[in-house]
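A.B. asks: Let me begin by handing over the structure; questions about it come next.
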Amino acid sequence: MNQSLLEIKNVRKQFANHLALDDVSINIPEGKIFGLLGPNGAGKTTLIRIINQITAPDSGEVLLSGVKLNNSHVANIGYLPEERGLYKKMKVGEQALYLAQLKGLSKKDALKKLKYWFEKFEIQTWWNKKVEELSKGMQQKVQFIVTILHEPKLLIFDEPFSGFDPINTNLLKQEILQLKKDGATVIFSTHNMGSVEELCDNIALINKSQKILDGSLDDVRSKYKSNTYEIQFSGNFNMFQATLTSNYEILEHIPSDNLNIVKIRLLNKIPTNELISQMLPLGNISSFKEIIPGINEIFISIVEETNRLN
């Protein structure tokens with residue numbers, strides 16, 4: 001089991017009449033990609049700002065490698081905010097060099113690393129262009145480079161694929177996976193649940209200032225499965241349906257000339273072998289698979305449920 005790089009302990013933050021975070025505790029495992037999820041206004045951005053020491057919690061604490069967050073940790077964190085912060089009138093190379101030196105790199109090391117990344121992303125020709133001449137996606141590439149250049153052990157990406165076409169989105173995804181492989185820990189905040197399933201090892205879901213779910217991606221999906229299966233078989237569907245008892249619920253039937261596709265839920269802890277044994281005399285089973293809910297489905301279900309309860 002991975003030890004925690006970042007420990008968020010009972011963090012609470014109030015802004016005037018708005019409670020942004022209410023006793024939130026989350027552990028971010030070292031060397032993993034951690035999805036920080038939640039609807040707009042849930043409290044994610046406030047938590048990210050606390051981790052970056054832009055603001056402080058009213059109570060609770062945040063520990064990095066077992067040490068309470070302090071100014072010395074700035075060099076260990078890279079943050080790519082959703083709202084990009086490049087100076088529009090400044091030249092790209094000049095700005096990247098300036099920001100790299102702010103992170104503690106010498107001019108010589110910064111130039112060497114920037115040359116490597118600009119060549120890797122094939123953006124050498126942008127060096128003397130002003131930021132305002134670049135598209136949103138191009139600006140984002142530059143800011144991504146600046147975020148990771150000092151090789152921090154904790155990286156925070158807030159909607160990193162916003163404004164990117166599919167080709168560049170895939171490029172960035174591969175770089176994030178490589179950063180993890182090289183030992184970085186990543187906090188990844190997004191509304192794109194497809195990217196969460198593709199990249200994340202662990203997730204936490206915040207809604208209305210409270211953490212309502214966390215765990216490994218596999219454990220979360222497994223926890224919310226509903227004993228539902230998709231079966232493809234040849235045979236008489238009506239005969240199959242007639243054999244079923246109240247222990248089964250047919251959710252969907254898609255007929256075709258030679259094949260039936262049925263989604264069915266098993267009730268009362270009925271074993272799958274019992275269902276298979278009922279089907280075998282009626283035709284050939286070509287596919288039998290459990291339906292595991294996706295993170296998007298789980299996200300919507302849990303948020304709607306907690307909203308009803310509140």
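Within each chain, counting starts at residue 1; across the structure tokens, chains are named A, B, ... in the order shown, with ligands numbered 1 upward in that order.
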Quick check for you: according to DSSP on this backbone, which residues of stretch 95-181 of chain A are classed as strand (DSSP E or B)? Reply as a ChimeraX atom specification.
C.D. replies: /A:130,154-158
A.B. asks: Go ahead and write the selection's residues with N, CA, C and O atoms as a JSON list (two decimals), in the first residue's frame.
C.D. replies:
```
[["chain", "number", "residue", "atom", "x", "y", "z"],
["A", 130, "LYS", "N", 4.74, 36.76, -28.77],
["A", 130, "LYS", "CA", 4.03, 37.19, -27.57],
["A", 130, "LYS", "C", 2.92, 36.20, -27.25],
["A", 130, "LYS", "O", 2.35, 35.58, -28.14],
["A", 154, "LEU", "N", 4.80, 16.96, -6.21],
["A", 154, "LEU", "CA", 3.34, 17.03, -6.27],
["A", 154, "LEU", "C", 2.92, 17.97, -7.39],
["A", 154, "LEU", "O", 3.33, 19.13, -7.42],
["A", 155, "LEU", "N", 2.11, 17.47, -8.31],
["A", 155, "LEU", "CA", 1.59, 18.27, -9.41],
["A", 155, "LEU", "C", 0.07, 18.35, -9.30],
["A", 155, "LEU", "O", -0.60, 17.35, -9.02],
["A", 156, "ILE", "N", -0.46, 19.55, -9.52],
["A", 156, "ILE", "CA", -1.91, 19.76, -9.46],
["A", 156, "ILE", "C", -2.36, 20.31, -10.80],
["A", 156, "ILE", "O", -1.96, 21.41, -11.20],
["A", 157, "PHE", "N", -3.19, 19.54, -11.50],
["A", 157, "PHE", "CA", -3.70, 19.95, -12.80],
["A", 157, "PHE", "C", -5.21, 20.17, -12.68],
["A", 157, "PHE", "O", -5.96, 19.23, -12.40],
["A", 158, "ASP", "N", -5.65, 21.39, -12.92],
["A", 158, "ASP", "CA", -7.06, 21.74, -12.86],
["A", 158, "ASP", "C", -7.57, 21.91, -14.29],
["A", 158, "ASP", "O", -7.22, 22.87, -14.97]]
```
A.B. asks: Show which residues sit within 9 Å of A:Asn260, as a PyMOL selection string. Count only C-alpha atoms, and ignore same-chain residues fewer than 2 positions away.
C.D. replies: chain A and resi 231-237+253-258+262
A.B. asks: Taking only C-alpha atoms into account, name the residue in A:Asn207, A:Tyr79, A:Gln14, A:Tyr98 that is nearest to A:Ile300.
C.D. replies: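 Under the stated criterion, the closest residue is A:Asn207.
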A.B. asks: Could the residues of stretch 122-233 of chain A that have an atom at most 10 Å from stretch 280-294 of chain A be listed as JSON lines, each with its closest atom pair and the distance in Å to one decimal, counting only C-alpha atoms and ordered by chain and ascending residue number?
C.D. replies:
```
{"residue": "A:Met193", "atom": "CA", "partner": "A:Gly294", "partner_atom": "CA", "distance": 8.3}
{"residue": "A:Gly194", "atom": "CA", "partner": "A:Gly294", "partner_atom": "CA", "distance": 8.7}
{"residue": "A:Glu197", "atom": "CA", "partner": "A:Gly294", "partner_atom": "CA", "distance": 7.9}
{"residue": "A:Leu217", "atom": "CA", "partner": "A:Gly294", "partner_atom": "CA", "distance": 9.8}
{"residue": "A:Asp218", "atom": "CA", "partner": "A:Ile292", "partner_atom": "CA", "distance": 9.8}
{"residue": "A:Val220", "atom": "CA", "partner": "A:Pro293", "partner_atom": "CA", "distance": 9.5}
{"residue": "A:Arg221", "atom": "CA", "partner": "A:Pro293", "partner_atom": "CA", "distance": 6.1}
{"residue": "A:Ser222", "atom": "CA", "partner": "A:Ile292", "partner_atom": "CA", "distance": 6.9}
{"residue": "A:Lys223", "atom": "CA", "partner": "A:Ile292", "partner_atom": "CA", "distance": 9.5}
{"residue": "A:Tyr224", "atom": "CA", "partner": "A:Pro293", "partner_atom": "CA", "distance": 6.9}
{"residue": "A:Lys225", "atom": "CA", "partner": "A:Ile292", "partner_atom": "CA", "distance": 5.3}
{"residue": "A:Ser226", "atom": "CA", "partner": "A:Ile292", "partner_atom": "CA", "distance": 7.8}
{"residue": "A:Asn227", "atom": "CA", "partner": "A:Glu290", "partner_atom": "CA", "distance": 7.2}
{"residue": "A:Thr228", "atom": "CA", "partner": "A:Ile291", "partner_atom": "CA", "distance": 5.6}
{"residue": "A:Tyr229", "atom": "CA", "partner": "A:Glu290", "partner_atom": "CA", "distance": 4.3}
{"residue": "A:Glu230", "atom": "CA", "partner": "A:Lys289", "partner_atom": "CA", "distance": 5.4}
{"residue": "A:Ile231", "atom": "CA", "partner": "A:Phe288", "partner_atom": "CA", "distance": 4.6}
{"residue": "A:Gln232", "atom": "CA", "partner": "A:Ser287", "partner_atom": "CA", "distance": 4.9}
{"residue": "A:Phe233", "atom": "CA", "partner": "A:Ile285", "partner_atom": "CA", "distance": 4.3}
```
A.B. asks: Write down as a ChimeraX atom specification the residues of stretch 41-75 of chain A whose backbone DSSP state falls under alpha helix (DSSP H).
C.D. replies: /A:44-51
A.B. asks: For the residues in the current selection, export N, CA and C atoms as a PDB file, in the first residue's frame.
C.D. replies:
```pdb
ATOM      1  N   LYS A  44     -13.793  22.212  -4.458  1.00  0.00           N
ATOM      2  CA  LYS A  44     -12.527  21.706  -5.009  1.00  0.00           C
ATOM      3  C   LYS A  44     -11.486  22.814  -5.149  1.00  0.00           C
ATOM      4  N   THR A  45     -11.879  23.925  -5.745  1.00  0.00           N
ATOM      5  CA  THR A  45     -10.931  25.008  -5.982  1.00  0.00           C
ATOM      6  C   THR A  45     -10.404  25.572  -4.675  1.00  0.00           C
ATOM      7  N   THR A  46     -11.276  25.693  -3.670  1.00  0.00           N
ATOM      8  CA  THR A  46     -10.825  26.167  -2.353  1.00  0.00           C
ATOM      9  C   THR A  46      -9.786  25.224  -1.778  1.00  0.00           C
ATOM     10  N   LEU A  47     -10.013  23.927  -1.900  1.00  0.00           N
ATOM     11  CA  LEU A  47      -9.047  22.954  -1.386  1.00  0.00           C
ATOM     12  C   LEU A  47      -7.723  23.053  -2.127  1.00  0.00           C
ATOM     13  N   ILE A  48      -7.770  23.207  -3.438  1.00  0.00           N
ATOM     14  CA  ILE A  48      -6.544  23.358  -4.229  1.00  0.00           C
ATOM     15  C   ILE A  48      -5.796  24.620  -3.821  1.00  0.00           C
ATOM     16  N   ARG A  49      -6.523  25.696  -3.559  1.00  0.00           N
ATOM     17  CA  ARG A  49      -5.881  26.949  -3.134  1.00  0.00           C
ATOM     18  C   ARG A  49      -5.224  26.795  -1.761  1.00  0.00           C
ATOM     19  N   ILE A  50      -5.836  25.988  -0.894  1.00  0.00           N
ATOM     20  CA  ILE A  50      -5.240  25.742   0.425  1.00  0.00           C
ATOM     21  C   ILE A  50      -3.956  24.931   0.274  1.00  0.00           C
ATOM     22  N   ILE A  51      -3.965  23.925  -0.584  1.00  0.00           N
ATOM     23  CA  ILE A  51      -2.761  23.117  -0.818  1.00  0.00           C
ATOM     24  C   ILE A  51      -1.634  23.981  -1.369  1.00  0.00           C
TER      25      ILE A  51
END
```
A.B. asks: One number please: atom CA of A:Gln124 to atom CA of A:Ser162, in Å, one decimal.
C.D. replies: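 The value is 22.3 Å.
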A.B. asks: When you look at A:Arg12 with a cut-off of 6 Å (counting only C-alpha atoms), what residues show up, excluding the ones that are within fewer than 3 positions of it in the same chain? I need them as a PyMOL selection string.
C.D. replies: chain A and resi 21-23+57-59
A.B. asks: So the first atom is atom CA of A:Gly93 and the second is atom CA of A:Asn52; what is the distance between them in Å, to one decimal place?
C.D. replies: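 Atom-to-atom, atom CA of A:Gly93 to atom CA of A:Asn52, that is 24.9 Å.
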A.B. asks: When you look at stretch 28-30 of chain A with a cut-off of 8 Å (counting only C-alpha atoms), what residues show up, excluding the ones that are within fewer than 4 positions of it in the same chain? I need them as a list in words.
C.D. replies: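 My reading of the contact set: Asn2, Gln3, Ser4, Leu5, Leu6, Glu7, Phe34, Ala184, Thr185 and Ile187 of chain A.
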